[in-house]
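Q: Okay, so here is target.cif, and as you'll see once you scroll down, it has mmCIF, C-alpha atoms.
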data_query
#
loop_
_atom_site.group_PDB
_atom_site.id
_atom_site.type_symbol
_atom_site.label_atom_id
_atom_site.label_comp_id
_atom_site.auth_asym_id
_atom_site.auth_seq_id
_atom_site.Cartn_x
_atom_site.Cartn_y
_atom_site.Cartn_z
ATOM 1 C CA MET B 1 11.537 0.013 18.204
ATOM 2 C CA SER B 2 11.474 1.861 21.487
ATOM 3 C CA GLU B 3 9.814 0.577 24.649
ATOM 4 C CA GLN B 4 7.236 3.350 24.291
ATOM 5 C CA SER B 5 5.989 2.225 20.874
ATOM 6 C CA TYR B 6 4.993 -0.919 19.037
ATOM 7 C CA GLN B 7 5.322 -1.314 15.270
ATOM 8 C CA GLU B 8 4.430 -4.085 12.867
ATOM 9 C CA GLN B 9 4.548 -4.263 9.090
ATOM 10 C CA GLN B 10 3.066 -6.936 6.823
ATOM 11 C CA SER B 11 2.795 -7.448 3.092
ATOM 12 C CA PHE B 12 1.005 -9.772 0.689
ATOM 13 C CA ARG B 13 4.334 -10.943 -0.714
ATOM 14 C CA TYR B 14 4.868 -14.646 -0.246
ATOM 15 C CA THR B 15 1.322 -15.329 0.945
ATOM 16 C CA TRP B 16 -0.789 -17.959 -0.814
ATOM 17 C CA SER B 17 -2.813 -15.235 -2.576
ATOM 18 C CA TYR B 18 0.374 -13.706 -3.980
ATOM 19 C CA TRP B 19 1.606 -17.063 -5.323
ATOM 20 C CA LEU B 20 -1.808 -17.850 -6.819
ATOM 21 C CA CYS B 21 -1.959 -14.468 -8.547
ATOM 22 C CA LEU B 22 1.625 -14.914 -9.777
ATOM 23 C CA ALA B 23 0.827 -18.351 -11.253
ATOM 24 C CA ILE B 24 -2.308 -17.109 -13.031
ATOM 25 C CA THR B 25 -0.482 -14.023 -14.332
ATOM 26 C CA LEU B 26 2.416 -16.111 -15.665
ATOM 27 C CA PHE B 27 -0.102 -18.442 -17.343
ATOM 28 C CA PHE B 28 -1.720 -15.473 -19.109
ATOM 29 C CA ILE B 29 1.663 -13.994 -20.066
ATOM 30 C CA TYR B 30 2.594 -17.345 -21.606
ATOM 31 C CA GLY B 31 -0.756 -17.496 -23.431
ATOM 32 C CA SER B 32 -0.345 -13.949 -24.743
ATOM 33 C CA TRP B 33 3.181 -14.695 -25.934
ATOM 34 C CA GLN B 34 2.054 -17.892 -27.654
ATOM 35 C CA GLN B 35 -0.937 -16.284 -29.363
ATOM 36 C CA LEU B 36 0.464 -12.828 -30.183
ATOM 37 C CA ILE B 37 4.153 -13.517 -30.882
ATOM 38 C CA LEU B 38 4.220 -17.141 -32.051
ATOM 39 C CA GLN B 39 0.830 -16.806 -33.812
ATOM 40 C CA GLN B 40 -0.352 -20.120 -32.313
ATOM 41 C CA HIS B 41 -3.830 -20.357 -30.821
ATOM 42 C CA PHE B 42 -3.845 -20.545 -27.035
ATOM 43 C CA GLY B 43 -6.321 -23.318 -26.218
ATOM 44 C CA ASP B 44 -9.123 -24.970 -28.178
ATOM 45 C CA LYS B 45 -11.259 -21.833 -28.191
ATOM 46 C CA PRO B 46 -8.774 -18.947 -28.094
ATOM 47 C CA ALA B 47 -9.858 -15.570 -26.786
ATOM 48 C CA PRO B 48 -9.610 -12.562 -29.098
ATOM 49 C CA ASP B 49 -6.190 -10.904 -28.956
ATOM 50 C CA LEU B 50 -7.531 -7.694 -27.410
ATOM 51 C CA LEU B 51 -9.290 -9.593 -24.607
ATOM 52 C CA LEU B 52 -6.145 -11.608 -23.893
ATOM 53 C CA ILE B 53 -4.063 -8.405 -23.721
ATOM 54 C CA ILE B 54 -6.571 -6.682 -21.414
ATOM 55 C CA LEU B 55 -6.807 -9.670 -19.049
ATOM 56 C CA THR B 56 -3.025 -10.050 -18.940
ATOM 57 C CA LEU B 57 -2.546 -6.347 -18.146
ATOM 58 C CA LEU B 58 -5.240 -6.429 -15.442
ATOM 59 C CA LEU B 59 -3.670 -9.476 -13.797
ATOM 60 C CA LEU B 60 -0.207 -7.922 -14.029
ATOM 61 C CA SER B 61 -1.521 -4.703 -12.450
ATOM 62 C CA PHE B 62 -3.153 -6.664 -9.631
ATOM 63 C CA LEU B 63 0.097 -8.567 -9.025
ATOM 64 C CA VAL B 64 2.067 -5.297 -8.832
ATOM 65 C CA ILE B 65 -0.451 -3.891 -6.331
ATOM 66 C CA LEU B 66 -0.153 -7.053 -4.215
ATOM 67 C CA HIS B 67 3.636 -6.899 -4.397
ATOM 68 C CA PHE B 68 3.830 -3.320 -3.151
ATOM 69 C CA SER B 69 0.970 -3.462 -0.617
ATOM 70 C CA SER B 70 1.997 -2.948 2.980
ATOM 71 C CA LEU B 71 -0.088 -2.953 6.168
ATOM 72 C CA GLN B 72 1.592 -1.015 8.969
ATOM 73 C CA LEU B 73 0.471 -0.687 12.578
ATOM 74 C CA ARG B 74 1.978 1.710 15.100
ATOM 75 C CA LEU B 75 0.972 2.042 18.754
ATOM 76 C CA GLU B 76 2.409 4.925 20.754
ATOM 77 C CA GLN B 77 1.870 6.600 24.081
ATOM 78 C CA ASP B 78 -0.839 8.933 22.769
ATOM 79 C CA SER B 79 -2.328 7.088 19.790
ATOM 80 C CA LEU B 80 -2.767 4.111 17.538
ATOM 81 C CA ALA B 81 -2.065 4.567 13.812
ATOM 82 C CA VAL B 82 -2.557 2.361 10.763
ATOM 83 C CA ARG B 83 -1.529 2.702 7.121
ATOM 84 C CA PHE B 84 -2.281 0.346 4.198
ATOM 85 C CA THR B 85 -0.293 1.403 1.149
ATOM 86 C CA PRO B 86 -1.003 1.882 -1.750
ATOM 87 C CA PHE B 87 -4.671 2.147 -0.730
ATOM 88 C CA PHE B 88 -4.063 4.993 1.695
ATOM 89 C CA TRP B 89 -0.628 6.552 2.161
ATOM 90 C CA ARG B 90 -1.270 8.753 5.183
ATOM 91 C CA TRP B 91 -1.350 7.304 8.655
ATOM 92 C CA ARG B 92 -4.883 7.023 10.027
ATOM 93 C CA LYS B 93 -4.354 8.069 13.595
ATOM 94 C CA HIS B 94 -6.738 7.299 16.468
ATOM 95 C CA LEU B 95 -6.116 8.943 19.834
ATOM 96 C CA TRP B 96 -6.531 6.740 22.881
ATOM 97 C CA HIS B 97 -9.354 8.906 24.242
ATOM 98 C CA GLU B 98 -11.416 7.924 21.139
ATOM 99 C CA ILE B 99 -10.963 4.212 21.895
ATOM 100 C CA GLN B 100 -13.130 2.267 24.332
ATOM 101 C CA ASN B 101 -10.912 -0.845 24.326
ATOM 102 C CA CYS B 102 -8.588 -2.951 22.197
ATOM 103 C CA ASN B 103 -7.830 -6.659 22.429
ATOM 104 C CA VAL B 104 -5.811 -9.267 20.564
ATOM 105 C CA VAL B 105 -8.323 -11.790 19.201
ATOM 106 C CA THR B 106 -8.547 -14.821 16.939
ATOM 107 C CA TYR B 107 -10.925 -14.337 14.006
ATOM 108 C CA GLN B 108 -11.821 -15.878 10.644
ATOM 109 C CA PRO B 109 -10.972 -13.399 7.853
ATOM 110 C CA LEU B 110 -13.112 -15.179 5.264
ATOM 111 C CA GLY B 111 -16.048 -15.909 7.569
ATOM 112 C CA ASP B 112 -16.079 -12.705 9.628
ATOM 113 C CA TYR B 113 -15.123 -10.147 6.972
ATOM 114 C CA GLY B 114 -15.379 -11.878 3.592
ATOM 115 C CA GLY B 115 -11.663 -12.160 2.849
ATOM 116 C CA TRP B 116 -8.390 -10.274 3.031
ATOM 117 C CA GLY B 117 -7.403 -6.690 2.277
ATOM 118 C CA ILE B 118 -9.678 -3.802 3.211
ATOM 119 C CA ARG B 119 -13.016 -5.258 4.273
ATOM 120 C CA GLY B 120 -16.212 -4.409 6.095
ATOM 121 C CA THR B 121 -18.331 -1.306 6.428
ATOM 122 C CA THR B 122 -17.659 2.187 7.709
ATOM 123 C CA HIS B 123 -18.526 1.147 11.276
ATOM 124 C CA ASN B 124 -17.042 -2.361 11.194
ATOM 125 C CA ARG B 125 -13.805 -2.190 9.167
ATOM 126 C CA CYS B 126 -11.017 -4.750 8.794
ATOM 127 C CA TYR B 127 -7.500 -4.378 7.384
ATOM 128 C CA ASN B 128 -5.708 -7.695 7.033
ATOM 129 C CA VAL B 129 -3.072 -9.466 4.968
ATOM 130 C CA SER B 130 -2.910 -13.010 6.304
ATOM 131 C CA GLY B 131 -3.389 -15.060 9.433
ATOM 132 C CA LYS B 132 -6.156 -15.350 11.996
ATOM 133 C CA LYS B 133 -4.907 -13.004 14.718
ATOM 134 C CA GLY B 134 -5.931 -9.391 14.940
ATOM 135 C CA LEU B 135 -6.136 -6.318 17.113
ATOM 136 C CA LEU B 136 -9.829 -5.538 17.623
ATOM 137 C CA ILE B 137 -10.345 -1.866 18.438
ATOM 138 C CA ARG B 138 -13.733 -0.684 19.686
ATOM 139 C CA PHE B 139 -14.331 3.045 19.540
ATOM 140 C CA LYS B 140 -16.505 5.059 21.892
ATOM 141 C CA ASN B 141 -18.779 6.010 18.967
ATOM 142 C CA GLY B 142 -19.721 2.320 18.475
ATOM 143 C CA ALA B 143 -17.499 1.635 15.472
ATOM 144 C CA SER B 144 -14.902 -1.121 15.443
ATOM 145 C CA LEU B 145 -11.677 -1.742 13.546
ATOM 146 C CA MET B 146 -9.880 -5.076 13.159
ATOM 147 C CA ILE B 147 -6.211 -4.911 12.157
ATOM 148 C CA GLY B 148 -4.564 -8.204 11.248
ATOM 149 C CA ILE B 149 -1.347 -8.933 13.136
ATOM 150 C CA GLN B 150 1.461 -11.489 12.932
ATOM 151 C CA GLN B 151 3.397 -10.691 16.126
ATOM 152 C CA GLU B 152 0.759 -11.690 18.667
ATOM 153 C CA ASN B 153 3.077 -12.201 21.660
ATOM 154 C CA GLU B 154 4.973 -8.936 21.168
ATOM 155 C CA LEU B 155 1.745 -6.955 20.854
ATOM 156 C CA LYS B 156 0.205 -8.626 23.919
ATOM 157 C CA ALA B 157 3.374 -7.851 25.897
ATOM 158 C CA TRP B 158 3.247 -4.193 24.823
ATOM 159 C CA LEU B 159 -0.450 -3.917 25.697
ATOM 160 C CA THR B 160 0.196 -5.557 29.079
ATOM 161 C CA ARG B 161 3.029 -3.115 29.880
ATOM 162 C CA TRP B 162 0.899 -0.126 28.966
ATOM 163 C CA SER B 163 -2.611 0.730 30.058
ATOM 164 C CA VAL B 164 -4.915 3.675 29.482
ATOM 165 C CA ALA B 165 -4.543 6.200 32.283
ATOM 166 C CA SER B 166 -7.299 8.521 33.503
ATOM 167 C CA ASP B 167 -6.114 11.303 31.188
ATOM 168 C CA ASN B 168 -6.558 8.930 28.192
ATOM 169 C CA THR B 169 -2.880 8.555 27.446
ATOM 170 C CA ILE B 170 -0.970 5.304 27.634
ATOM 171 C CA ARG B 171 1.195 4.969 30.722
ATOM 172 C CA LEU B 172 3.577 2.312 31.979
#
When written as structure tokens, how does the structure in this file appear?
A:
Amino acid sequence: MSEQSYQEQQSFRYTWSYWLCLAITLFFIYGSWQQLILQQHFGDKPAPDLLLIILTLLLLSFLVILHFSSLQLRLEQDSLAVRFTPFFWRWRKHLWHEIQNCNVVTYQPLGDYGGWGIRGTTHNRCYNVSGKKGLLIRFKNGASLMIGIQQENELKAWLTRWSVASDNTIRL
């Protein structure tokens, strides 16, 4: 990473939500194997085979999405960009002249935005994976964007080194 840019990447892998989803998925895989392959009922009131297959496939799909999800933040001299794969592959770039201010803040993902992932409305959006720290960006049009971060000190240091100049670019 150069002095002129800041980058951070996060994923859902190895977060509590990932482990919970993995445990539930493995439980359903075991239940499907027991009921479909071994022909033994899974539980006292077993679900129909088709329902068990559908639920197992949905959970497995969700686990794969969690595994490959990646939140990336990039701050450069002229812009701020964010990407949250596989939900959107292209960088969403915001030029500094569109931004009123940005600050590192402490927030409550569940209380403030209703959870993790892509949350909020068009004018009050949040992208987060884990943790309680975020970069709150307020745009000149009144909208705001919260991006969850893990490297609070590095981001604060970068923001301290750089400031918005009169021509709306970031300067040292």
Q: At what distance in Å, to one decimal, does CA of Leu75 in chain B lie from CA of His97 in chain B?
A: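 Here the two named atoms are 13.6 Å from each other.
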Q: When you look at range 132-138 of chain B with a cut-off of 12 Å (counting only C-alpha atoms), what residues show up, excluding the ones that are within fewer than 5 positions of it in the same chain? I need them as a compact mmCIF listing (two decimals) with C-alpha atoms, keeping the file's coordinate frame.
A:
# COMPACT_ATOMS: atom_id res chain seq x y z
CA GLU B 8 4.43 -4.08 12.87
CA LEU B 73 0.47 -0.69 12.58
CA ARG B 74 1.98 1.71 15.10
CA LEU B 75 0.97 2.04 18.75
CA LEU B 80 -2.77 4.11 17.54
CA ALA B 81 -2.06 4.57 13.81
CA VAL B 82 -2.56 2.36 10.76
CA HIS B 94 -6.74 7.30 16.47
CA LEU B 95 -6.12 8.94 19.83
CA TRP B 96 -6.53 6.74 22.88
CA HIS B 97 -9.35 8.91 24.24
CA GLU B 98 -11.42 7.92 21.14
CA ILE B 99 -10.96 4.21 21.90
CA GLN B 100 -13.13 2.27 24.33
CA ASN B 101 -10.91 -0.84 24.33
CA CYS B 102 -8.59 -2.95 22.20
CA ASN B 103 -7.83 -6.66 22.43
CA VAL B 104 -5.81 -9.27 20.56
CA VAL B 105 -8.32 -11.79 19.20
CA THR B 106 -8.55 -14.82 16.94
CA TYR B 107 -10.92 -14.34 14.01
CA GLN B 108 -11.82 -15.88 10.64
CA PRO B 109 -10.97 -13.40 7.85
CA LEU B 110 -13.11 -15.18 5.26
CA GLY B 111 -16.05 -15.91 7.57
CA ASP B 112 -16.08 -12.70 9.63
CA TYR B 113 -15.12 -10.15 6.97
CA GLY B 115 -11.66 -12.16 2.85
CA TRP B 116 -8.39 -10.27 3.03
CA HIS B 123 -18.53 1.15 11.28
CA ASN B 124 -17.04 -2.36 11.19
CA ARG B 125 -13.80 -2.19 9.17
CA CYS B 126 -11.02 -4.75 8.79
CA TYR B 127 -7.50 -4.38 7.38
CA ALA B 143 -17.50 1.64 15.47
CA SER B 144 -14.90 -1.12 15.44
CA LEU B 145 -11.68 -1.74 13.55
CA MET B 146 -9.88 -5.08 13.16
CA ILE B 147 -6.21 -4.91 12.16
CA GLY B 148 -4.56 -8.20 11.25
CA ILE B 149 -1.35 -8.93 13.14
CA GLN B 150 1.46 -11.49 12.93
CA GLN B 151 3.40 -10.69 16.13
CA GLU B 152 0.76 -11.69 18.67
CA ASN B 153 3.08 -12.20 21.66
CA LEU B 155 1.74 -6.96 20.85
CA LYS B 156 0.20 -8.63 23.92
CA LEU B 159 -0.45 -3.92 25.70
Q: Ranking B:Phe12, B:Ala47, B:Lys140, B:Gly131 by minimum distance to Phe68 in chain B and counting all atoms listed in the file, which one comes first?
A: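 Ranked by minimum distance to Phe68 in chain B, first place goes to B:Phe12.
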Q: Mind giving me the straight-line distance from CA of Cys21 in chain B to CA of Trp91 in chain B in Å, one decimal?
A: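 Separation of CA of Cys21 in chain B and CA of Trp91 in chain B: 27.8 Å.
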Q: Just need the box for range 17-20 of chain B, edges along x, y and z, holding every atom the file lists for it with 4 Å tacked onto each side, so centre and edge lengths in Å to one decimal, as lines of an AutoDock Vina configuration file.
A:
center_x = -0.6
center_y = -15.8
center_z = -4.7
size_x = 12.4
size_y = 12.1
size_z = 12.2
Q: Would you work out the distance separating CA of Glu76 in chain B from CA of Ala157 in chain B, expressed in Å to one decimal?
A: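 A separation of 13.8 Å between them.
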Q: Which residue out of B:Ser69, B:Thr160, B:Thr121, B:Gln35 has the minimum interatomic distance to Phe88 in chain B when only C-alpha atoms are used?
A: B:Ser69
Q: Smallest atom-to-atom distance to Pro86 in chain B: which of B:Gln40, B:Ser70, B:Gln9, B:Thr56, using all atoms listed in the file?
A: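 Closest residue, counting all atoms listed in the file: B:Ser70.
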Q: Go through the shown structure with the PyMOL selection byres ((chain B and resi 31) around 10) and write out the matching residues as a list in words.
A: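 Evaluating the PyMOL selection byres ((chain B and resi 31) around 10) on these coordinates yields Thr25, Leu26, Phe27, Phe28, Ile29, Tyr30, Ser32, Trp33, Gln34, Gln35, Leu36, Ile37, Leu38, Gln40, His41, Phe42, Gly43, Pro46, Ala47, Leu52, Ile53 and Thr56 of chain B.
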Q: Care to translate the PyMOL selection byres ((chain B and resi 66) around 12) into actual residues of this file, as a ChimeraX atom specification?
A: /B:10-22,59-65,67-71,84-87,116-117,129
